[in-house]
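Student: To be precise about what I am sending: the file is called my_file02.txt and holds compact mmCIF, C-alpha atoms.
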```
# COMPACT_ATOMS: atom_id res chain seq x y z
CA MET A 17 29.99 -47.19 23.48
CA LYS A 18 28.72 -49.67 20.94
CA ARG A 19 28.97 -48.44 17.38
CA LEU A 20 25.97 -48.64 15.04
CA SER A 21 26.39 -50.26 11.68
CA LEU A 22 26.07 -48.16 8.53
CA VAL A 23 22.79 -49.96 7.74
CA ALA A 24 21.40 -49.14 11.17
CA VAL A 25 22.37 -45.50 10.80
CA SER A 26 20.68 -45.39 7.38
CA LEU A 27 17.49 -46.93 8.75
CA ILE A 28 17.38 -44.49 11.63
CA THR A 29 17.89 -41.60 9.22
CA LEU A 30 15.09 -42.79 6.95
CA MET A 31 12.76 -43.30 9.91
CA ALA A 32 13.51 -39.84 11.23
CA ALA A 33 13.15 -37.99 7.93
CA PRO A 34 9.33 -37.96 7.78
CA VAL A 35 9.18 -36.72 11.35
CA LEU A 36 11.53 -33.86 10.54
CA ALA A 37 9.55 -32.99 7.40
CA GLN A 38 6.37 -32.70 9.43
CA THR A 39 7.87 -30.35 12.00
CA PRO A 40 6.04 -27.00 11.71
CA VAL A 41 8.15 -24.12 10.49
CA ARG A 42 8.47 -21.50 13.21
CA ILE A 43 8.86 -17.79 12.60
CA ASP A 44 11.74 -16.47 14.68
CA GLN A 45 10.83 -13.23 16.48
CA ASN A 46 14.49 -12.30 16.71
CA ALA A 47 14.79 -12.46 12.91
CA VAL A 48 11.60 -10.42 12.54
CA GLU A 49 12.99 -7.75 14.83
CA ALA A 50 16.33 -7.77 13.00
CA HIS A 51 14.72 -7.18 9.59
CA MET A 52 12.51 -4.49 11.10
CA GLY A 53 15.51 -2.80 12.72
CA PHE A 54 17.01 -2.15 9.31
CA LEU A 55 13.90 -1.41 7.24
CA ALA A 56 12.34 0.94 9.81
CA GLY A 57 15.58 2.17 11.32
CA PRO A 58 17.20 5.60 10.97
CA GLU A 59 19.48 4.55 8.12
CA LEU A 60 16.62 4.28 5.60
CA ARG A 61 14.85 7.46 6.76
CA GLY A 62 11.36 6.13 6.21
CA ARG A 63 11.92 4.64 2.73
CA GLY A 64 10.30 7.54 0.87
CA SER A 65 8.59 6.67 -2.41
CA ALA A 66 10.94 6.64 -5.41
CA THR A 67 13.93 7.72 -3.31
CA HIS A 68 17.40 6.25 -2.88
CA ASP A 69 16.24 5.01 0.51
CA GLU A 70 13.43 3.04 -1.14
CA ALA A 71 15.92 1.58 -3.62
CA VAL A 72 18.18 0.43 -0.77
CA ALA A 73 15.17 -1.18 0.94
CA ALA A 74 14.30 -3.02 -2.29
CA ALA A 75 17.89 -4.21 -2.64
CA TYR A 76 17.80 -5.47 0.95
CA VAL A 77 14.60 -7.42 0.29
CA ALA A 78 16.09 -8.85 -2.90
CA THR A 79 19.14 -9.99 -0.94
CA GLN A 80 16.93 -11.76 1.60
CA PHE A 81 15.08 -13.49 -1.22
CA ARG A 82 18.34 -14.74 -2.64
CA LEU A 83 19.59 -15.94 0.76
CA ALA A 84 16.31 -17.83 1.23
CA GLY A 85 16.94 -19.75 -1.99
CA LEU A 86 14.54 -17.85 -4.22
CA THR A 87 15.57 -17.08 -7.78
CA PRO A 88 14.70 -14.29 -10.20
CA VAL A 89 11.40 -14.80 -12.00
CA PRO A 90 12.04 -16.74 -15.23
CA GLY A 91 12.74 -14.16 -17.89
CA MET A 92 13.99 -11.48 -15.47
CA ASP A 93 17.71 -10.80 -15.20
CA GLY A 94 17.56 -10.10 -11.46
CA TYR A 95 15.31 -9.56 -8.49
CA LEU A 96 14.50 -5.89 -9.10
CA GLN A 97 11.89 -4.33 -11.37
CA ARG A 98 12.55 -0.63 -11.88
CA ALA A 99 9.85 1.74 -13.05
CA PRO A 100 10.64 5.25 -14.40
CA VAL A 101 8.71 8.01 -12.65
CA VAL A 102 8.34 11.77 -12.87
CA LYS A 103 8.52 13.85 -9.68
CA THR A 104 6.88 17.26 -9.62
CA THR A 105 7.33 19.69 -6.74
CA PRO A 106 4.99 22.70 -6.69
CA SER A 107 6.53 26.14 -6.30
CA GLY A 108 4.87 26.78 -2.95
CA ARG A 109 4.21 30.33 -4.16
CA ALA A 110 0.81 29.95 -5.81
CA VAL A 111 -1.48 32.99 -5.94
CA LEU A 112 -5.29 33.16 -6.08
CA THR A 113 -7.11 36.30 -7.21
CA VAL A 114 -10.90 36.63 -7.06
CA GLY A 115 -12.51 39.92 -8.09
CA GLY A 116 -9.43 41.92 -7.16
CA VAL A 117 -8.87 40.16 -3.82
CA THR A 118 -5.51 38.37 -3.86
CA LEU A 119 -4.10 35.71 -1.54
CA GLY A 120 -0.82 33.78 -1.78
CA GLN A 121 0.39 30.63 -0.09
CA ALA A 122 2.69 32.64 2.14
CA ALA A 123 -0.39 34.47 3.47
CA GLY A 124 -2.57 31.45 4.16
CA LEU A 125 -3.75 30.05 0.83
CA GLY A 126 -3.93 26.26 1.04
CA VAL A 127 -3.76 24.09 -2.08
CA LEU A 128 -5.39 20.65 -1.85
CA SER A 129 -4.97 19.56 -5.48
CA GLY A 130 -3.85 20.89 -8.83
CA ALA A 131 -0.92 22.77 -7.30
CA THR A 132 0.90 22.91 -10.65
CA LEU A 133 -2.07 23.84 -12.85
CA SER A 134 -3.24 27.28 -13.97
CA ALA A 135 -6.98 27.96 -13.83
CA SER A 136 -9.31 30.89 -14.46
CA GLY A 137 -12.95 31.68 -15.13
CA THR A 138 -16.13 33.36 -14.03
CA VAL A 139 -17.14 32.98 -10.38
CA VAL A 140 -20.34 31.35 -9.16
CA VAL A 141 -21.19 30.98 -5.48
CA ALA A 142 -22.66 27.86 -3.91
CA GLY A 143 -25.70 28.37 -1.77
CA GLY A 144 -27.53 26.07 0.62
CA GLN A 145 -26.38 22.96 2.47
CA ASP A 146 -26.75 20.34 -0.28
CA PRO A 147 -23.99 19.62 -2.82
CA ALA A 148 -26.68 18.61 -5.29
CA THR A 149 -27.72 22.27 -5.52
CA LEU A 150 -24.31 23.50 -6.66
CA PRO A 151 -24.50 25.75 -9.70
CA ALA A 152 -22.42 24.95 -12.78
CA GLY A 153 -19.47 27.22 -13.32
CA GLU A 154 -15.79 27.48 -14.12
CA VAL A 155 -14.92 28.82 -10.64
CA VAL A 156 -17.06 27.76 -7.69
CA LEU A 157 -16.84 29.30 -4.21
CA ILE A 158 -18.09 26.87 -1.56
CA ALA A 159 -18.58 27.37 2.17
CA PRO A 160 -19.06 23.77 3.40
CA PRO A 161 -20.92 23.31 6.70
CA GLU A 162 -18.55 23.10 9.67
CA GLY A 163 -17.85 19.46 10.48
CA ALA A 164 -19.11 18.19 7.12
CA GLY A 165 -16.91 16.34 4.67
CA VAL A 166 -15.91 18.30 1.57
CA ARG A 167 -15.54 15.38 -0.84
CA PRO A 168 -19.22 15.44 -1.94
CA TRP A 169 -18.91 19.17 -2.68
CA ILE A 170 -15.72 18.73 -4.68
CA SER A 171 -17.22 15.80 -6.60
CA ALA A 172 -20.38 17.75 -7.41
CA ALA A 173 -18.45 20.82 -8.61
CA THR A 174 -16.12 18.65 -10.70
CA ALA A 175 -19.08 16.88 -12.31
CA LYS A 176 -20.45 20.27 -13.33
CA GLY A 177 -17.26 21.36 -15.06
CA ALA A 178 -15.47 23.42 -12.41
CA LYS A 179 -11.85 24.30 -13.21
CA LEU A 180 -11.20 26.00 -9.87
CA ILE A 181 -12.88 25.22 -6.54
CA VAL A 182 -12.41 27.67 -3.67
CA LEU A 183 -13.35 26.32 -0.23
CA ARG A 184 -13.96 28.39 2.88
CA GLN A 185 -11.67 27.11 5.59
CA THR A 186 -13.09 24.84 8.29
CA ALA A 187 -11.24 23.30 11.22
CA ALA A 188 -10.63 20.09 9.26
CA LEU A 189 -9.53 21.94 6.14
CA ALA A 190 -7.10 24.09 8.11
CA THR A 191 -5.16 20.95 8.98
CA ALA A 192 -5.46 19.40 5.51
CA SER A 193 -4.16 22.45 3.68
CA ALA A 194 -1.39 23.42 6.09
CA GLY A 195 2.30 22.77 5.54
CA PRO A 196 4.79 23.10 2.70
CA ALA A 197 4.16 21.90 -0.84
CA ARG A 198 4.52 18.15 -1.36
CA THR A 199 6.14 16.43 -4.30
CA SER A 200 3.80 14.38 -6.47
CA ILE A 201 5.03 11.28 -8.29
CA ARG A 202 3.59 9.58 -11.35
CA LEU A 203 4.70 6.77 -13.59
CA ALA A 204 6.56 8.23 -16.57
CA GLU A 205 4.33 6.29 -18.94
CA THR A 206 1.21 7.86 -17.41
CA PRO A 207 -0.02 11.34 -18.38
CA ALA A 208 -0.07 14.04 -15.72
CA ARG A 209 -3.35 14.24 -13.85
CA GLY A 210 -5.87 16.85 -14.83
CA GLY A 211 -8.95 17.79 -12.85
CA PRO A 212 -9.84 21.01 -11.07
CA VAL A 213 -7.60 23.08 -8.83
CA VAL A 214 -8.91 22.91 -5.24
CA VAL A 215 -7.84 25.60 -2.78
CA VAL A 216 -8.71 26.59 0.78
CA VAL A 217 -9.09 30.21 1.89
CA PRO A 218 -9.38 31.62 5.44
CA GLY A 219 -12.91 32.68 6.36
CA GLU A 220 -12.52 36.46 6.31
CA THR A 221 -10.71 36.43 2.94
CA PHE A 222 -13.25 33.99 1.51
CA ASP A 223 -16.08 36.33 2.49
CA ARG A 224 -14.39 39.24 0.72
CA MET A 225 -13.83 37.14 -2.39
CA ARG A 226 -17.44 36.01 -2.37
CA ALA A 227 -18.62 39.62 -2.12
CA ALA A 228 -16.26 40.70 -4.93
CA GLY A 229 -17.31 38.00 -7.40
CA GLY A 230 -16.53 38.54 -11.05
CA SER A 231 -13.61 36.53 -12.41
CA ALA A 232 -10.85 34.53 -10.77
CA THR A 233 -7.37 33.26 -11.61
CA PHE A 234 -5.04 30.76 -9.98
CA GLU A 235 -1.34 30.99 -10.86
CA PRO A 236 0.73 28.07 -9.53
CA GLY A 237 4.25 29.44 -10.03
CA GLN A 238 7.09 27.47 -11.55
CA ALA A 239 7.18 23.82 -10.48
CA THR A 240 10.32 21.68 -10.28
CA VAL A 241 10.20 18.53 -12.42
CA GLU A 242 12.72 15.67 -12.29
CA GLU A 243 12.96 12.07 -13.42
CA GLY A 244 13.34 9.19 -11.00
CA VAL A 245 12.82 5.48 -10.42
CA THR A 246 10.66 3.41 -8.12
CA THR A 247 11.64 -0.19 -7.44
CA ASN A 248 9.81 -3.48 -6.90
CA ALA A 249 11.67 -6.46 -5.38
CA ILE A 250 10.48 -9.82 -6.76
CA GLY A 251 11.51 -13.35 -5.80
CA TRP A 252 10.50 -16.69 -7.32
CA LEU A 253 10.10 -20.15 -5.82
CA GLN A 254 9.73 -22.65 -8.65
CA GLY A 255 6.96 -25.22 -8.33
CA THR A 256 6.98 -28.78 -9.58
CA ASP A 257 3.82 -28.44 -11.68
CA PRO A 258 4.01 -25.59 -14.23
CA ALA A 259 0.30 -26.01 -14.98
CA ALA A 260 -0.75 -25.43 -11.36
CA GLY A 261 -0.41 -21.66 -11.52
CA VAL A 262 1.22 -19.22 -9.11
CA LEU A 263 0.44 -17.95 -5.62
CA MET A 264 1.64 -14.43 -4.95
CA VAL A 265 2.46 -12.84 -1.57
CA SER A 266 3.11 -9.10 -1.47
CA ALA A 267 3.54 -5.93 0.56
CA HIS A 268 4.73 -2.40 -0.15
CA LEU A 269 8.18 -1.42 1.02
CA ASP A 270 7.94 2.38 0.89
CA HIS A 271 6.56 4.92 3.33
CA ILE A 272 6.39 8.73 3.48
CA GLY A 273 10.08 9.18 4.20
CA VAL A 274 11.44 12.60 5.10
CA ARG A 275 8.79 15.33 5.21
CA PRO A 276 9.52 18.75 3.70
CA ASP A 277 10.05 20.05 7.25
CA GLY A 278 12.79 17.47 7.85
CA VAL A 279 10.81 15.14 10.11
CA VAL A 280 11.35 11.44 9.37
CA MET A 281 8.23 9.28 9.03
CA TYR A 282 9.60 5.80 9.71
CA GLY A 283 6.60 3.67 8.69
CA ALA A 284 7.42 0.70 10.89
CA ASN A 285 3.87 -0.62 10.80
CA ASP A 286 3.06 0.89 7.38
CA ASP A 287 4.49 -1.13 5.80
CA ALA A 288 7.83 -2.38 7.04
CA SER A 289 5.77 -4.93 8.99
CA GLY A 290 4.25 -6.33 5.80
CA THR A 291 7.60 -6.33 4.03
CA VAL A 292 9.18 -8.30 6.88
CA ALA A 293 6.25 -10.73 6.68
CA VAL A 294 6.93 -11.30 2.97
CA ILE A 295 10.61 -11.97 3.72
CA ALA A 296 9.77 -14.36 6.55
CA LEU A 297 7.15 -16.22 4.52
CA ALA A 298 9.56 -16.53 1.59
CA GLU A 299 12.15 -18.09 3.91
CA ALA A 300 9.64 -20.45 5.55
CA LEU A 301 7.98 -21.65 2.36
CA ALA A 302 11.34 -22.12 0.64
CA ASP A 303 12.42 -24.32 3.56
CA MET A 304 9.25 -26.40 3.16
CA GLY A 305 9.52 -26.71 -0.62
CA PRO A 306 9.48 -27.64 -3.33
CA HIS A 307 5.74 -27.07 -3.75
CA GLU A 308 3.46 -28.02 -6.61
CA ARG A 309 2.58 -24.42 -7.35
CA SER A 310 5.19 -21.77 -7.92
CA LEU A 311 5.23 -18.90 -5.43
CA MET A 312 6.09 -15.29 -6.21
CA PHE A 313 7.02 -12.83 -3.47
CA VAL A 314 6.79 -9.11 -4.25
CA ALA A 315 7.64 -5.92 -2.36
CA PHE A 316 6.16 -2.96 -4.23
CA GLY A 317 7.61 0.53 -4.37
CA SER A 318 5.76 3.86 -4.24
CA GLU A 319 2.46 2.62 -2.83
CA GLU A 320 2.21 5.82 -0.83
CA ALA A 321 2.56 7.88 -4.02
CA GLY A 322 -0.51 6.31 -5.62
CA LEU A 323 0.02 2.52 -5.78
CA LEU A 324 2.64 3.12 -8.47
CA GLY A 325 4.73 -0.03 -8.00
CA GLY A 326 1.66 -2.24 -8.09
CA ARG A 327 0.28 -0.47 -11.13
CA TYR A 328 3.58 -0.81 -12.99
CA PHE A 329 3.81 -4.48 -12.05
CA THR A 330 0.31 -5.06 -13.41
CA ALA A 331 1.08 -3.21 -16.64
CA HIS A 332 4.45 -5.00 -17.03
CA PRO A 333 3.95 -8.39 -15.36
CA PRO A 334 7.03 -10.63 -15.25
CA ILE A 335 4.69 -13.59 -15.86
CA PRO A 336 1.27 -13.68 -17.54
CA LEU A 337 -1.30 -12.33 -15.09
CA SER A 338 -3.54 -15.27 -15.99
CA ASP A 339 -1.00 -17.56 -14.27
CA ILE A 340 -1.51 -15.84 -10.89
CA LYS A 341 -4.25 -17.74 -9.06
CA ALA A 342 -4.35 -15.51 -5.98
CA ASN A 343 -2.54 -12.62 -4.30
CA LEU A 344 -2.25 -12.13 -0.55
CA GLY A 345 -1.19 -8.58 0.28
CA ILE A 346 0.09 -7.84 3.77
CA GLU A 347 -0.09 -4.35 5.24
CA MET A 348 0.16 -2.94 8.75
CA ILE A 349 0.24 -6.13 10.81
CA GLY A 350 2.38 -4.71 13.60
CA ASP A 351 -0.43 -4.38 16.13
CA GLN A 352 -3.86 -5.78 17.03
CA ASP A 353 -7.15 -4.01 16.33
CA PRO A 354 -9.20 -4.04 19.56
CA ASN A 355 -12.34 -4.47 17.45
CA MET A 356 -11.09 -7.81 16.12
CA PRO A 357 -11.03 -11.13 18.02
CA ALA A 358 -7.79 -11.57 19.95
CA GLY A 359 -4.89 -12.35 17.64
CA VAL A 360 -6.94 -12.11 14.43
CA MET A 361 -6.14 -9.94 11.40
CA MET A 362 -8.75 -8.47 9.08
CA MET A 363 -8.89 -9.21 5.35
CA THR A 364 -10.16 -6.50 3.05
CA GLY A 365 -13.11 -7.58 0.91
CA PHE A 366 -13.30 -10.86 2.83
CA GLU A 367 -16.76 -11.70 1.48
CA ARG A 368 -15.77 -11.03 -2.14
CA SER A 369 -14.12 -14.44 -2.53
CA ASN A 370 -13.53 -17.74 -0.75
CA PHE A 371 -9.82 -17.01 -0.28
CA GLY A 372 -10.05 -15.65 3.26
CA ALA A 373 -12.32 -18.42 4.50
CA ALA A 374 -10.00 -21.03 3.02
CA LEU A 375 -6.99 -19.49 4.75
CA ARG A 376 -8.89 -19.32 8.04
CA ASP A 377 -10.04 -22.94 7.74
CA ARG A 378 -6.40 -23.93 7.33
CA GLY A 379 -5.29 -22.07 10.45
CA ALA A 380 -4.61 -18.50 9.36
CA LEU A 381 -5.58 -15.86 11.92
CA VAL A 382 -7.76 -13.84 9.54
CA GLY A 383 -11.35 -12.64 9.55
CA PRO A 384 -13.71 -10.14 7.86
CA ASP A 385 -12.98 -6.43 7.63
CA PRO A 386 -14.99 -4.55 10.31
CA TYR A 387 -14.72 -1.27 8.38
CA PRO A 388 -16.39 -1.86 4.99
CA GLU A 389 -17.33 1.81 4.76
CA GLN A 390 -13.63 2.69 4.52
CA ASN A 391 -13.24 0.80 1.21
CA PHE A 392 -9.85 -0.59 2.26
CA PHE A 393 -10.17 -3.26 -0.43
CA GLU A 394 -9.61 -0.56 -3.06
CA ARG A 395 -6.84 1.27 -1.22
CA SER A 396 -3.86 -1.06 -1.48
CA ASP A 397 -1.77 -2.76 -4.17
CA ASN A 398 -4.10 -5.76 -4.33
CA TYR A 399 -6.71 -3.70 -6.14
CA ALA A 400 -4.82 -3.31 -9.42
CA LEU A 401 -4.57 -7.11 -9.57
CA ALA A 402 -8.19 -7.58 -8.59
CA LEU A 403 -9.26 -5.34 -11.48
CA GLN A 404 -7.48 -7.84 -13.74
CA GLY A 405 -9.59 -10.68 -12.35
CA ILE A 406 -7.01 -12.08 -9.91
CA VAL A 407 -8.43 -12.99 -6.50
CA ALA A 408 -6.43 -10.46 -4.51
CA HIS A 409 -6.93 -9.22 -0.95
CA THR A 410 -4.92 -7.44 1.74
CA ILE A 411 -4.69 -8.46 5.39
CA SER A 412 -4.04 -5.99 8.20
CA GLY A 413 -3.67 -6.16 11.95
CA TRP A 414 -5.17 -2.74 12.60
CA ALA A 415 -6.09 -0.66 9.56
CA THR A 416 -7.36 2.30 11.60
CA ILE A 417 -4.46 2.39 14.06
CA PRO A 418 -3.92 5.86 15.65
CA THR A 419 -0.24 5.91 14.59
CA TYR A 420 -1.18 5.75 10.88
CA HIS A 421 0.90 8.30 8.93
CA THR A 422 2.22 9.89 12.12
CA VAL A 423 5.70 10.23 13.60
CA GLU A 424 4.66 7.62 16.18
CA ASP A 425 4.73 4.80 13.59
CA THR A 426 8.04 3.50 14.90
CA ILE A 427 9.59 0.20 15.94
CA GLU A 428 9.01 1.05 19.59
CA ASN A 429 5.24 1.05 19.03
CA LEU A 430 5.04 -2.41 17.43
CA ASP A 431 3.68 -5.53 19.11
CA PHE A 432 6.35 -8.00 18.02
CA PRO A 433 4.74 -11.10 19.61
CA PHE A 434 1.52 -10.36 17.71
CA LEU A 435 3.41 -9.64 14.50
CA THR A 436 5.42 -12.85 14.75
CA LYS A 437 2.39 -14.98 15.55
CA ALA A 438 0.41 -13.39 12.72
CA ILE A 439 3.13 -14.23 10.19
CA GLY A 440 3.46 -17.74 11.58
CA SER A 441 -0.25 -18.41 11.19
CA LEU A 442 0.06 -17.90 7.42
CA VAL A 443 2.82 -20.41 6.77
CA GLU A 444 0.91 -23.71 6.86
CA PRO A 445 -2.21 -22.36 5.08
CA LEU A 446 -0.12 -20.97 2.21
CA ALA A 447 1.89 -24.18 2.02
CA ALA A 448 -1.34 -26.18 1.85
CA MET A 449 -2.59 -24.02 -1.02
CA ALA A 450 0.75 -24.33 -2.79
CA ASP A 451 0.55 -28.12 -2.55
CA GLY A 452 -3.20 -28.72 -2.93
CA ASP A 453 -5.78 -28.42 -5.65
CA PHE A 454 -7.79 -25.57 -4.06
CA THR A 455 -7.91 -22.42 -6.20
CA PRO A 456 -9.50 -19.26 -4.74
CA GLU A 457 -12.52 -17.95 -6.64
CA TRP A 458 -14.59 -14.78 -6.58
CA SER A 459 -17.97 -14.90 -4.90
CA GLU A 460 -20.94 -13.95 -7.02
CA GLY A 461 -20.67 -10.21 -7.58
CA GLY A 462 -17.37 -10.04 -5.69
CA ARG A 463 -15.03 -9.38 -8.57
CA PRO A 464 -14.58 -5.65 -9.14
CA ALA A 465 -15.55 -4.41 -12.57
CA PRO A 466 -12.60 -3.41 -14.77
CA ARG A 467 -12.19 0.34 -15.26
```
Show me this structure written as structure tokens.

Tutor:
Amino acid sequence: MKRLSLVAVSLITLMAAPVLAQTPVRIDQNAVEAHMGFLAGPELRGRGSATHDEAVAAAYVATQFRLAGLTPVPGMDGYLQRAPVVKTTPSGRAVLTVGGVTLGQAAGLGVLSGATLSASGTVVVAGGQDPATLPAGEVVLIAPPEGAGVRPWISAATAKGAKLIVLRQTAALATASAGPARTSIRLAETPARGGPVVVVVPGETFDRMRAAGGSATFEPGQATVEEGVTTNAIGWLQGTDPAAGVLMVSAHLDHIGVRPDGVVMYGANDDASGTVAVIALAEALADMGPHERSLMFVAFGSEEAGLLGGRYFTAHPPIPLSDIKANLGIEMIGDQDPNMPAGVMMMTGFERSNFGAALRDRGALVGPDPYPEQNFFERSDNYALALQGIVAHTISGWATIPTYHTVEDTIENLDFPFLTKAIGSLVEPLAAMADGDFTPEWSEGGRPAPR
């Protein structure tokens, strides 16, 4: 075999380099499945909000960021942002008394909200079928029409100063109020929520309470309160132009975890799928870098407990929020919505900015949200950033999937080819935005008003 000279080898290498640089980065389905096997596997027990399992998941994500070549955000001493929280578990032994008729949780009293608050007052009874006709009162007894939503009734009673709202049980409310007491979690820096106590009473007991009238009291029993921590994992890919701003890619890493009855809610789709996407995109974009813009990859904790990780991140940003030019949240991309075009994910609030259209024009498999009435734009971690003026949206494969918050949200029920292709479609569009001069902007009237 004839040997090539050193010059010839150098020339061949130089000629080949541009070709290699232009080779599209592929997302490896085997790697996707491997990450998912740990995050949604039995070892992490569903990554419950502000639990040790969530902390392990955050540490795993941080490790993947480091292996991909990401660094801590400048100014942070590591990849983890820990937020103190307070966990409150109701006693499960609350008691409601109306006009001498008493009912406890052990006998069928359901508590929808305010399970740790005491409440009392004079009873008024709602009449008619229209929430607008509700009388003002400290304690309001409401028999909502069967099949009707109760939120308008609760909102109307709250607006008129109710401290205690007693609902007659319907089929839907029987399901909503059943089960053991759930632990609530709040950021330690945030005051405990107020608002009225909302309870559900079986029909026959409700009728006796309504006939008795008079005064009412709700005694919650002694709650258990403990301190804890929720954890965000954050990785940084330094750009070459500090003035170009930052693109942010995020997901939430927690799920419901272990229910009080011991059943594990694995949350493979919600949102281990999004967390795996963030890991895979961090790896791919690091391989393609350096980019002009810096990129920040974030996995939020305690989204299921009230968007706590995202809210803490926004209140304690590791970089100035004004530096973040756009945020792409990723949630529940493990399966395809049959109401969307084949292979396409929905973007919440698509019409609110030009971000989604720009991603789609660059090859991302995204399109408008077919469920605007569900207000999904306001129901994920992107919203806290959007309220700060950052163009922030969430993409989802199937936001109304039947396995949502059920025991069926497992690895076995994921569509891995769809998931892998969905992640892969985001790589080149995000790289183009990291290297170009396009900056997403709100459409007229699209930016949500600060609260």

Student: List the neighbours of Asn46 (chain A) out to 12 Å using all atoms listed in the file; skip same-chain residues closer than 2 positions along the sequence, and give me the result as a list in words.

Tutor: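 What passes the distance filter is Arg42, Ile43, Asp44, Val48, Glu49, Ala50, His51, Met52, Gly53, Val292, Ala296, Phe432, Pro433, Leu435 and Thr436 of chain A.
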
Student: From (8.3, 7.8, -10.4), in the file's coordinates, out to 10 Å: which residues are reached, counting only C-alpha atoms? Answer as a VMD selection string.

Tutor: chain A and resid 65 to 67 98 to 104 200 to 206 242 to 247 317 to 318 321 324 to 325

Student: Is it possible to get the residues within 8 Å of (-11.9, 27.0, -16.6) (coordinates as in the file, counting only C-alpha atoms) written as a PDB file with C-alpha atoms, in the frame of the given file?

Tutor:
```pdb
ATOM      1  CA  ALA A 135      -6.980  27.960 -13.830  1.00  0.00           C
ATOM      2  CA  SER A 136      -9.310  30.890 -14.460  1.00  0.00           C
ATOM      3  CA  GLY A 137     -12.950  31.680 -15.130  1.00  0.00           C
ATOM      4  CA  GLU A 154     -15.790  27.480 -14.120  1.00  0.00           C
ATOM      5  CA  VAL A 155     -14.920  28.820 -10.640  1.00  0.00           C
ATOM      6  CA  GLY A 177     -17.260  21.360 -15.060  1.00  0.00           C
ATOM      7  CA  ALA A 178     -15.470  23.420 -12.410  1.00  0.00           C
ATOM      8  CA  LYS A 179     -11.850  24.300 -13.210  1.00  0.00           C
ATOM      9  CA  LEU A 180     -11.200  26.000  -9.870  1.00  0.00           C
TER      10      LEU A 180
END
```

Student: Leaving out region 306-310 of chain A and any residue of its chain fewer than 6 positions from it, which residues lie within 6 Å of it when counting all atoms listed in the file, given as number ranges by chain?

Tutor: A: 253-257, 260-262, 450-451

Student: Excluding Gly283 (chain A) and any residue of its chain fewer than 2 positions from it, enumerate the residues within 7 Å of it, using only C-alpha atoms, and give them as a VMD selection string.

Tutor: chain A and resid 56 62 271 281 285 to 288 425 to 426

Student: Using CA of Val265 (chain A) and CA of Val294 (chain A) as the two end points, give the distance in Å to one decimal.

Tutor: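 Taking CA of Val265 (chain A) and CA of Val294 (chain A), their separation equals 6.6 Å.
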
Student: I'd like the interatomic distance between CA of Gly57 (chain A) and CA of Leu442 (chain A), to a tenth of an Å.

Tutor: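 Going from CA of Gly57 (chain A) over to CA of Leu442 (chain A), I get 25.7 Å.
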